[in-house]
$ cat protein.txt   # compact mmCIF, C-alpha atoms and all ligand atoms
# COMPACT_ATOMS: atom_id res chain seq x y z
CA MET A 1 90.11 122.13 99.06
CA SER A 2 92.53 125.01 99.50
CA GLY A 3 92.20 125.77 103.24
CA THR A 4 95.11 124.79 105.45
CA ALA A 5 93.15 124.46 108.71
CA ASP A 6 93.31 120.68 108.65
CA ALA A 7 96.73 120.26 107.04
CA VAL A 8 98.86 117.41 108.41
CA ILE A 9 101.92 119.63 108.00
CA ARG A 10 101.81 123.40 107.96
CA ILE A 11 105.09 125.24 107.85
CA GLU A 12 105.49 128.98 107.57
CA GLN A 13 108.67 130.95 106.99
CA LEU A 14 110.85 128.32 108.51
CA HIS A 15 114.57 129.01 108.86
CA LYS A 16 117.24 126.68 110.17
CA GLU A 17 120.82 127.59 111.02
CA TYR A 18 123.53 125.29 112.31
CA GLU A 19 126.05 126.75 114.75
CA THR A 20 129.60 126.04 113.61
CA ASP A 21 133.05 127.25 114.68
CA ALA A 22 132.92 129.69 111.77
CA GLY A 23 129.57 131.06 113.00
CA PRO A 24 125.95 130.27 112.12
CA VAL A 25 125.39 128.55 108.76
CA PRO A 26 121.91 128.92 107.22
CA VAL A 27 120.67 125.58 105.88
CA LEU A 28 116.92 126.12 105.38
CA LYS A 29 115.74 129.52 104.20
CA ASP A 30 112.20 130.84 104.24
CA ILE A 31 110.46 127.49 103.77
CA SER A 32 106.65 127.68 103.63
CA VAL A 33 104.77 124.51 102.73
CA SER A 34 101.60 122.67 103.69
CA VAL A 35 100.77 119.00 103.20
CA MET A 36 97.14 117.90 103.25
CA PRO A 37 95.84 114.51 104.45
CA GLY A 38 96.29 111.82 101.80
CA GLU A 39 99.01 113.57 99.82
CA PHE A 40 102.09 111.72 98.57
CA VAL A 41 105.01 114.15 98.31
CA ALA A 42 108.51 113.48 96.98
CA ILE A 43 111.38 115.72 98.07
CA MET A 44 114.38 116.02 95.76
CA GLY A 45 117.43 118.26 95.66
CA PRO A 46 121.22 118.16 95.42
CA SER A 47 123.33 116.69 98.19
CA GLY A 48 123.62 119.27 100.97
CA SER A 49 120.48 121.17 99.89
CA GLY A 50 118.83 120.54 103.28
CA LYS A 51 116.54 117.54 102.65
CA SER A 52 117.50 115.52 105.73
CA THR A 53 117.55 118.65 107.90
CA PHE A 54 114.01 119.35 106.71
CA MET A 55 112.87 115.76 107.36
CA ASN A 56 114.37 115.84 110.86
CA ILE A 57 112.39 118.99 111.62
CA LEU A 58 109.21 117.45 110.14
CA GLY A 59 109.81 114.42 112.35
CA CYS A 60 110.32 116.60 115.46
CA LEU A 61 113.85 115.23 115.86
CA ASP A 62 115.30 118.72 115.40
CA VAL A 63 113.87 122.21 115.79
CA ALA A 64 113.82 125.22 113.47
CA THR A 65 115.72 128.40 114.32
CA SER A 66 112.64 130.48 113.48
CA GLY A 67 109.26 130.14 111.78
CA SER A 68 106.30 127.98 112.68
CA TYR A 69 105.48 124.30 112.32
CA ARG A 70 102.03 122.87 112.97
CA LEU A 71 101.82 119.08 112.92
CA ASN A 72 98.29 117.69 112.78
CA GLY A 73 97.02 121.06 114.00
CA ARG A 74 99.39 121.31 116.98
CA ASP A 75 102.00 124.07 117.24
CA VAL A 76 105.19 122.04 117.67
CA GLY A 77 107.10 125.04 119.06
CA ALA A 78 104.67 125.35 121.98
CA LEU A 79 104.99 121.74 123.18
CA ASN A 80 107.28 120.44 125.92
CA ARG A 81 109.45 117.35 125.44
CA ASP A 82 106.86 114.85 126.65
CA GLU A 83 104.03 116.39 124.66
CA LEU A 84 106.24 116.40 121.57
CA ALA A 85 107.24 112.74 122.05
CA HIS A 86 103.58 111.84 122.46
CA LEU A 87 102.49 113.75 119.34
CA ARG A 88 105.34 112.22 117.32
CA ASN A 89 104.43 108.72 118.49
CA GLN A 90 100.78 109.22 117.63
CA VAL A 91 101.11 110.84 114.25
CA ILE A 92 104.40 109.86 112.60
CA GLY A 93 105.99 106.65 111.33
CA PHE A 94 109.65 106.90 110.28
CA VAL A 95 111.38 104.89 107.59
CA PHE A 96 115.11 105.54 107.31
CA GLN A 97 117.65 104.44 104.78
CA GLY A 98 119.70 102.34 107.18
CA PHE A 99 116.62 100.36 108.36
CA ASN A 100 117.75 100.75 112.03
CA LEU A 101 116.62 97.24 112.99
CA LEU A 102 117.80 95.59 116.21
CA PRO A 103 120.10 92.76 115.01
CA ARG A 104 119.49 90.37 117.92
CA ALA A 105 115.73 90.74 118.02
CA SER A 106 113.30 88.75 115.88
CA ILE A 107 111.44 90.46 113.04
CA GLU A 108 108.26 90.28 115.12
CA ASP A 109 109.92 91.97 118.13
CA ASN A 110 111.50 94.64 115.91
CA ILE A 111 108.06 95.57 114.61
CA ALA A 112 106.49 95.53 118.09
CA LEU A 113 109.15 97.85 119.52
CA PRO A 114 107.28 101.18 119.10
CA LEU A 115 104.36 99.65 121.00
CA ILE A 116 106.56 99.01 124.04
CA TYR A 117 107.24 102.76 124.25
CA ARG A 118 103.50 103.22 124.13
CA GLY A 119 102.81 100.78 126.94
CA THR A 120 100.72 98.38 124.82
CA PRO A 121 100.29 94.97 126.57
CA GLY A 122 102.38 92.02 125.29
CA ASP A 123 99.67 89.94 123.61
CA GLU A 124 98.26 93.01 121.88
CA ARG A 125 101.81 93.91 120.72
CA LEU A 126 102.27 90.51 119.10
CA ARG A 127 98.87 90.62 117.48
CA ARG A 128 99.55 94.04 115.97
CA ALA A 129 103.12 93.14 114.92
CA ASN A 130 101.85 90.07 113.07
CA GLU A 131 99.09 92.03 111.41
CA MET A 132 101.73 94.44 110.06
CA LEU A 133 103.99 91.54 109.01
CA ALA A 134 101.14 90.13 106.96
CA LYS A 135 100.52 93.55 105.46
CA VAL A 136 104.08 93.79 104.13
CA GLY A 137 104.05 90.14 102.97
CA LEU A 138 106.49 88.71 105.53
CA ALA A 139 104.24 86.60 107.76
CA THR A 140 106.44 83.52 107.32
CA HIS A 141 109.53 85.39 108.56
CA ARG A 142 108.25 86.45 111.96
CA ALA A 143 110.87 84.51 113.93
CA SER A 144 113.84 85.36 111.64
CA ARG A 145 116.52 87.88 112.60
CA PRO A 146 117.32 90.87 110.37
CA ASN A 147 120.57 89.29 109.05
CA GLN A 148 118.59 86.25 107.85
CA ILE A 149 116.48 88.23 105.39
CA SER A 150 117.29 90.33 102.30
CA GLY A 151 117.77 94.10 102.17
CA GLY A 152 114.36 94.58 100.55
CA GLN A 153 112.74 92.42 103.22
CA GLN A 154 114.55 94.42 105.93
CA GLN A 155 113.16 97.60 104.44
CA ARG A 156 109.67 96.08 104.53
CA VAL A 157 110.21 95.26 108.20
CA ALA A 158 111.23 98.89 108.78
CA ILE A 159 108.00 99.98 107.04
CA ALA A 160 105.94 97.54 109.13
CA ARG A 161 107.56 98.98 112.26
CA ALA A 162 106.66 102.50 111.10
CA LEU A 163 103.06 101.37 110.55
CA VAL A 164 102.47 99.59 113.82
CA ASN A 165 101.29 102.73 115.63
CA GLN A 166 98.85 103.44 112.79
CA PRO A 167 100.45 106.76 111.86
CA LYS A 168 98.69 109.39 109.85
CA LEU A 169 101.99 110.46 108.29
CA ILE A 170 104.95 108.43 107.05
CA LEU A 171 108.30 110.19 106.68
CA ALA A 172 110.86 108.30 104.62
CA ASP A 173 114.42 109.56 103.96
CA GLU A 174 115.72 107.70 100.89
CA PRO A 175 113.90 104.45 101.67
CA THR A 176 115.12 102.81 98.46
CA GLY A 177 118.67 104.17 98.63
CA ASN A 178 120.21 100.75 99.39
CA LEU A 179 118.00 98.66 97.13
CA ASP A 180 118.19 97.37 93.57
CA THR A 181 115.69 98.57 90.96
CA HIS A 182 113.29 95.64 91.24
CA THR A 183 113.18 95.74 95.05
CA SER A 184 112.81 99.53 94.97
CA GLN A 185 109.73 99.11 92.77
CA GLU A 186 108.24 96.64 95.25
CA ILE A 187 108.82 99.03 98.13
CA MET A 188 107.28 101.90 96.17
CA ALA A 189 104.26 99.74 95.30
CA LEU A 190 103.82 99.19 99.03
CA PHE A 191 103.99 102.94 99.76
CA THR A 192 101.50 103.58 96.96
CA GLU A 193 99.10 101.04 98.45
CA LEU A 194 99.42 102.58 101.93
CA ASN A 195 98.72 105.99 100.43
CA GLU A 196 95.86 105.03 98.11
CA ARG A 197 94.14 102.31 100.11
CA ASP A 198 94.78 103.41 103.69
CA GLY A 199 94.94 107.16 103.04
CA ILE A 200 98.29 107.56 104.83
CA THR A 201 100.06 110.83 104.02
CA ILE A 202 103.60 110.22 102.75
CA VAL A 203 106.63 112.53 102.50
CA LEU A 204 109.59 110.78 100.91
CA VAL A 205 113.11 111.95 100.03
CA THR A 206 114.71 110.47 96.93
CA HIS A 207 117.54 111.14 94.51
CA GLU A 208 115.83 109.25 91.70
CA SER A 209 113.18 110.63 89.34
CA ASP A 210 111.75 107.09 88.82
CA ILE A 211 111.05 106.94 92.54
CA ALA A 212 109.67 110.50 92.69
CA ALA A 213 107.29 109.51 89.89
CA TYR A 214 105.29 107.37 92.37
CA ALA A 215 104.33 110.57 94.24
CA GLN A 216 101.72 113.10 93.10
CA ARG A 217 103.61 116.17 94.20
CA LEU A 218 107.26 117.17 94.00
CA VAL A 219 109.04 119.63 96.28
CA ARG A 220 112.52 120.44 95.07
CA LEU A 221 115.09 122.06 97.34
CA ALA A 222 118.22 123.86 96.21
CA ASP A 223 120.57 125.57 98.64
CA GLY A 224 117.98 125.49 101.42
CA ARG A 225 115.11 126.98 99.43
CA ILE A 226 112.07 125.51 97.69
CA VAL A 227 112.64 126.00 93.95
CA TYR A 228 109.70 123.89 92.73
CA ASP A 229 106.47 122.77 94.39
CA GLY A 230 103.85 121.23 92.13
CA PRO A 231 102.68 118.09 90.37
CA VAL A 232 105.40 115.55 89.60
CA ALA A 233 103.83 115.15 86.18
CA HIS A 234 104.34 118.81 85.26
CA ALA A 235 107.83 119.26 86.67
CA GLU A 236 110.44 120.50 84.20
CA PRO A 237 113.21 117.96 83.53
CA GLN A 238 115.75 119.95 85.58
CA HIS A 239 113.54 119.57 88.65
CA LEU A 240 113.52 115.78 88.27
CA GLU A 241 117.24 115.44 87.66
CA ALA A 242 119.15 112.88 89.66
CA THR A 243 121.22 114.77 92.17
CA THR A 244 124.21 112.75 93.31
N1 LIG B 301 124.92 119.16 112.54
C1 LIG B 301 125.32 119.98 111.57
N2 LIG B 301 126.14 121.03 111.81
C2 LIG B 301 126.53 121.86 110.83
N3 LIG B 301 126.13 121.73 109.54
C3 LIG B 301 125.32 120.71 109.24
C4 LIG B 301 124.87 119.78 110.21
N4 LIG B 301 124.06 118.87 109.61
C5 LIG B 301 124.01 119.22 108.30
N5 LIG B 301 124.77 120.32 108.08
C6 LIG B 301 124.92 121.01 106.79
O1 LIG B 301 123.64 121.39 106.36
C7 LIG B 301 123.52 121.25 104.94
C8 LIG B 301 122.32 120.40 104.62
O2 LIG B 301 122.54 119.05 105.07
P1 LIG B 301 121.47 117.91 104.86
O3 LIG B 301 121.98 116.69 105.53
O4 LIG B 301 120.15 118.42 105.26
O5 LIG B 301 121.52 117.74 103.27
P2 LIG B 301 120.78 116.68 102.30
O6 LIG B 301 120.02 117.47 101.31
O7 LIG B 301 120.05 115.69 103.12
O8 LIG B 301 122.01 115.99 101.56
P3 LIG B 301 122.20 114.45 101.08
O9 LIG B 301 121.48 114.34 99.76
O10 LIG B 301 123.68 114.34 100.88
O11 LIG B 301 121.69 113.53 102.13
C9 LIG B 301 124.85 120.69 104.46
O12 LIG B 301 125.62 121.76 103.97
C10 LIG B 301 125.45 120.11 105.70
O13 LIG B 301 126.86 120.16 105.64
MG MG B 302 120.23 113.59 103.45

$ encode --input "protein.txt" --output "structure tokens" --more "lines below"
Ligand SMILES: Nc1ncnc2c1ncn2[C@@H]1O[C@H](COP(=O)(O)OP(=O)(O)OP(=O)(O)O)[C@@H](O)[C@H]1O
Ligand SMILES: [Mg+2]
Amino acid sequence: MSGTADAVIRIEQLHKEYETDAGPVPVLKDISVSVMPGEFVAIMGPSGSGKSTFMNILGCLDVATSGSYRLNGRDVGALNRDELAHLRNQVIGFVFQGFNLLPRASIEDNIALPLIYRGTPGDERLRRANEMLAKVGLATHRASRPNQISGGQQQRVAIARALVNQPKLILADEPTGNLDTHTSQEIMALFTELNERDGITIVLVTHESDIAAYAQRLVRLADGRIVYDGPVAHAEPQHLEATT
């Protein structure tokens, strides 16, 4: 299917500049890209090439300077704050490198947090949180606090939290950046399962070609531009190079 009518992400001629004391600095230049439902996309590129800036725009945490972004068919630029928050909550689950877990809250409560923002009743929140805990293999840790579990387990909690709203799209900025090789493989197996079994669309930033290899498609950024967009399997070695 080549049409883009039902793309999850549809970006056209997107530009992003940051205002600095020295004047505007272009960071993303003429980015056009679409992601269809069920795709698993890895984003690579050197440090400073614009990956996090791009992810923040995809996640509606930041806005482009020009160009258009349609998320799940909605024109993000035409929405007000509340509409945008609602769309984001409905469609996107975030997984960030630092986990961002609340240290004093139990694992169960950490996972249920996005449902509070949604106004889901308490018993339903617990039911859903425990369902997600089981899904990431941490059912026995529901009452633990984040500092009582390992880094890999914390990342799984962060993934469970991203899943609790049943997102169509998961955005992950270096989700294995803090993890050892074995734990990284476990986390990537979980993403693969979510993609293949549940059909969740995944866009994931990584510095490592081994991690990118779990995706089907690679988008490589260099100096704010897309320099490769195609199958991971066919990417030239220079497009898979580690970049830090
Ligand atoms: N708030 C800001 N104001 C000005 N410049 C910024 C701001 N945030 C990022 N930049 C600049 O934009 C460029 C892209 O940054 P970005 O964080 O998107 O890179 P990245 O590809 O995620 O890098 P890394 O691999 O190191 O995480 C960098 O040159 C950075 O210095
Ligand atoms: Mg970054």

$ residues_near_ligand --input "protein.txt" --ligand "ligand LIG 301 (chain B)" --cutoff "8 Å" --atoms "all atoms listed in the file" --output "list in words"
Tyr18, Glu19, Thr20, Val25, Pro26, Val27, Leu28, Gly45, Pro46, Ser47, Gly48, Ser49, Gly50, Lys51, Ser52, Thr53, Phe54, His207, Leu221, Gly224, Thr243 and Thr244 of chain A

$ residues_around --input "protein.txt" --residues "segment 141-145 of chain A" --least-positions-apart "6" --cutoff "6 Å" --atoms "all atoms listed in the file" --output "PyMOL selection string"
chain A and resi 106-108

$ residues_around --input "protein.txt" --residues "Gly152 of chain A" --least-positions-apart "2" --cutoff "10 Å" --atoms "only C-alpha atoms" --output "PDB file with C-alpha atoms, in the frame of the given file"
ATOM      1  CA  PHE A  99     116.620 100.360 108.360  1.00  0.00           C
ATOM      2  CA  ILE A 149     116.480  88.230 105.390  1.00  0.00           C
ATOM      3  CA  SER A 150     117.290  90.330 102.300  1.00  0.00           C
ATOM      4  CA  GLN A 154     114.550  94.420 105.930  1.00  0.00           C
ATOM      5  CA  GLN A 155     113.160  97.600 104.440  1.00  0.00           C
ATOM      6  CA  ARG A 156     109.670  96.080 104.530  1.00  0.00           C
ATOM      7  CA  VAL A 157     110.210  95.260 108.200  1.00  0.00           C
ATOM      8  CA  ALA A 158     111.230  98.890 108.780  1.00  0.00           C
ATOM      9  CA  PRO A 175     113.900 104.450 101.670  1.00  0.00           C
ATOM     10  CA  THR A 176     115.120 102.810  98.460  1.00  0.00           C
ATOM     11  CA  ASN A 178     120.210 100.750  99.390  1.00  0.00           C
ATOM     12  CA  LEU A 179     118.000  98.660  97.130  1.00  0.00           C
ATOM     13  CA  ASP A 180     118.190  97.370  93.570  1.00  0.00           C
ATOM     14  CA  HIS A 182     113.290  95.640  91.240  1.00  0.00           C
ATOM     15  CA  THR A 183     113.180  95.740  95.050  1.00  0.00           C
ATOM     16  CA  SER A 184     112.810  99.530  94.970  1.00  0.00           C
ATOM     17  CA  GLU A 186     108.240  96.640  95.250  1.00  0.00           C
ATOM     18  CA  ILE A 187     108.820  99.030  98.130  1.00  0.00           C
TER      19      ILE A 187
END

$ closest_residue --input "protein.txt" --among "A:Val136, A:Leu240, A:Gly122, A:Ala112" --to "Val219 of chain A" --atoms "all atoms listed in the file"
A:Leu240

$ atom_distance --input "protein.txt" --atom1 "atom CA of Gln216 of chain A" --atom2 "atom CA of His15 of chain A"
25.8 Å

$ closest_residue --input "protein.txt" --among "A:Gly77, A:Gly98, A:Pro24, A:Gly38" --to "ligand MG 302 (chain B)" --atoms "all atoms listed in the file"
A:Gly98

$ closest_residue --input "protein.txt" --among "A:Thr65, A:Gln238, A:Thr206, A:Gln90" --to "ligand MG 302 (chain B)" --atoms "all atoms listed in the file"
A:Thr206

$ atom_distance --input "protein.txt" --atom1 "atom CA of Asp62 of chain A" --atom2 "atom CA of Leu194 of chain A"
26.3 Å

$ residues_around --input "protein.txt" --residues "Gly199 of chain A" --least-positions-apart "6" --cutoff "12 Å" --atoms "all atoms listed in the file" --output "PDB file with C-alpha atoms, in the coordinates of the input"
ATOM      1  CA  MET A  36      97.140 117.900 103.250  1.00  0.00           C
ATOM      2  CA  PRO A  37      95.840 114.510 104.450  1.00  0.00           C
ATOM      3  CA  GLY A  38      96.290 111.820 101.800  1.00  0.00           C
ATOM      4  CA  GLU A  39      99.010 113.570  99.820  1.00  0.00           C
ATOM      5  CA  PHE A  40     102.090 111.720  98.570  1.00  0.00           C
ATOM      6  CA  GLN A 166      98.850 103.440 112.790  1.00  0.00           C
ATOM      7  CA  PRO A 167     100.450 106.760 111.860  1.00  0.00           C
ATOM      8  CA  LYS A 168      98.690 109.390 109.850  1.00  0.00           C
ATOM      9  CA  LEU A 169     101.990 110.460 108.290  1.00  0.00           C
ATOM     10  CA  ILE A 170     104.950 108.430 107.050  1.00  0.00           C
ATOM     11  CA  PHE A 191     103.990 102.940  99.760  1.00  0.00           C
ATOM     12  CA  THR A 192     101.500 103.580  96.960  1.00  0.00           C
ATOM     13  CA  GLU A 193      99.100 101.040  98.450  1.00  0.00           C
TER      14      GLU A 193
END

$ closest_residue --input "protein.txt" --among "A:Ala139, A:Ile226, A:Ile202, A:Ala172" --to "Gln13 of chain A" --atoms "all atoms listed in the file"
A:Ile226

$ residues_around --input "protein.txt" --residues "Ile43 of chain A" --least-positions-apart "3" --cutoff "6 Å" --atoms "only C-alpha atoms" --output "ChimeraX atom specification"
/A:204-205,218-220

$ build_atoms --input "protein.txt" --residues "segment 5-31 of chain A" --atoms "N, CA, C and O atoms" --output "short mmCIF file (atom, residue, chain, number, x, y, z; two decimals), in the frame of the given file"
data_model
loop_
_atom_site.label_atom_id
_atom_site.label_comp_id
_atom_site.auth_asym_id
_atom_site.auth_seq_id
_atom_site.Cartn_x
_atom_site.Cartn_y
_atom_site.Cartn_z
N ALA A 5 93.52 124.68 107.31
CA ALA A 5 93.15 124.46 108.71
C ALA A 5 93.41 123.03 109.14
O ALA A 5 93.88 122.79 110.24
N ASP A 6 93.13 122.06 108.25
CA ASP A 6 93.31 120.68 108.65
C ASP A 6 94.50 120.01 107.95
O ASP A 6 94.49 118.82 107.70
N ALA A 7 95.51 120.83 107.63
CA ALA A 7 96.73 120.26 107.04
C ALA A 7 97.40 119.32 108.04
O ALA A 7 97.33 119.54 109.24
N VAL A 8 98.05 118.27 107.54
CA VAL A 8 98.86 117.41 108.41
C VAL A 8 100.13 118.17 108.79
O VAL A 8 100.56 118.16 109.94
N ILE A 9 100.71 118.84 107.79
CA ILE A 9 101.92 119.63 108.00
C ILE A 9 101.64 121.05 107.53
O ILE A 9 101.13 121.25 106.43
N ARG A 10 101.94 122.01 108.39
CA ARG A 10 101.81 123.40 107.96
C ARG A 10 103.01 124.17 108.47
O ARG A 10 103.16 124.39 109.67
N ILE A 11 103.84 124.57 107.51
CA ILE A 11 105.09 125.24 107.85
C ILE A 11 105.09 126.63 107.24
O ILE A 11 104.74 126.80 106.08
N GLU A 12 105.45 127.62 108.07
CA GLU A 12 105.49 128.98 107.57
C GLU A 12 106.81 129.65 107.91
O GLU A 12 107.22 129.67 109.07
N GLN A 13 107.44 130.16 106.87
CA GLN A 13 108.67 130.95 106.99
C GLN A 13 109.68 130.32 107.92
O GLN A 13 110.22 130.96 108.81
N LEU A 14 109.92 129.06 107.67
CA LEU A 14 110.85 128.32 108.51
C LEU A 14 112.30 128.58 108.08
O LEU A 14 112.62 128.55 106.89
N HIS A 15 113.12 128.86 109.08
CA HIS A 15 114.57 129.01 108.86
C HIS A 15 115.30 128.07 109.80
O HIS A 15 114.87 127.85 110.93
N LYS A 16 116.41 127.52 109.32
CA LYS A 16 117.24 126.68 110.17
C LYS A 16 118.71 127.04 109.96
O LYS A 16 119.19 127.10 108.82
N GLU A 17 119.38 127.34 111.07
CA GLU A 17 120.82 127.59 111.02
C GLU A 17 121.52 126.56 111.89
O GLU A 17 121.01 126.20 112.94
N TYR A 18 122.68 126.10 111.44
CA TYR A 18 123.53 125.29 112.31
C TYR A 18 124.62 126.20 112.87
O TYR A 18 125.18 127.02 112.14
N GLU A 19 124.92 126.03 114.15
CA GLU A 19 126.05 126.75 114.75
C GLU A 19 127.33 126.00 114.44
O GLU A 19 127.43 124.80 114.71
N THR A 20 128.29 126.68 113.86
CA THR A 20 129.60 126.04 113.61
C THR A 20 130.69 126.95 114.18
O THR A 20 130.40 128.07 114.62
N ASP A 21 131.92 126.46 114.16
CA ASP A 21 133.05 127.25 114.68
C ASP A 21 133.18 128.56 113.89
O ASP A 21 133.59 129.59 114.42
N ALA A 22 132.82 128.51 112.62
CA ALA A 22 132.92 129.69 111.77
C ALA A 22 131.68 130.60 111.88
O ALA A 22 131.55 131.56 111.14
N GLY A 23 130.78 130.26 112.83
CA GLY A 23 129.57 131.06 113.00
C GLY A 23 128.36 130.31 112.49
O GLY A 23 128.47 129.17 112.05
N PRO A 24 127.16 130.95 112.55
CA PRO A 24 125.95 130.27 112.12
C PRO A 24 125.92 130.07 110.60
O PRO A 24 126.28 130.96 109.84
N VAL A 25 125.51 128.87 110.18
CA VAL A 25 125.39 128.55 108.76
C VAL A 25 123.91 128.31 108.44
O VAL A 25 123.31 127.40 109.00
N PRO A 26 123.32 129.15 107.57
CA PRO A 26 121.91 128.92 107.22
C PRO A 26 121.78 127.70 106.31
O PRO A 26 122.52 127.56 105.35
N VAL A 27 120.84 126.82 106.64
CA VAL A 27 120.67 125.58 105.88
C VAL A 27 119.28 125.50 105.25
O VAL A 27 119.12 125.00 104.14
N LEU A 28 118.26 126.01 105.96
CA LEU A 28 116.92 126.12 105.38
C LEU A 28 116.51 127.58 105.44
O LEU A 28 116.66 128.23 106.48
N LYS A 29 116.00 128.09 104.31
CA LYS A 29 115.74 129.52 104.20
C LYS A 29 114.32 129.79 103.74
O LYS A 29 113.96 129.42 102.62
N ASP A 30 113.54 130.38 104.61
CA ASP A 30 112.20 130.84 104.24
C ASP A 30 111.36 129.75 103.59
O ASP A 30 110.82 129.92 102.50
N ILE A 31 111.25 128.62 104.28
CA ILE A 31 110.46 127.49 103.77
C ILE A 31 109.02 127.64 104.25
O ILE A 31 108.76 127.71 105.45
#
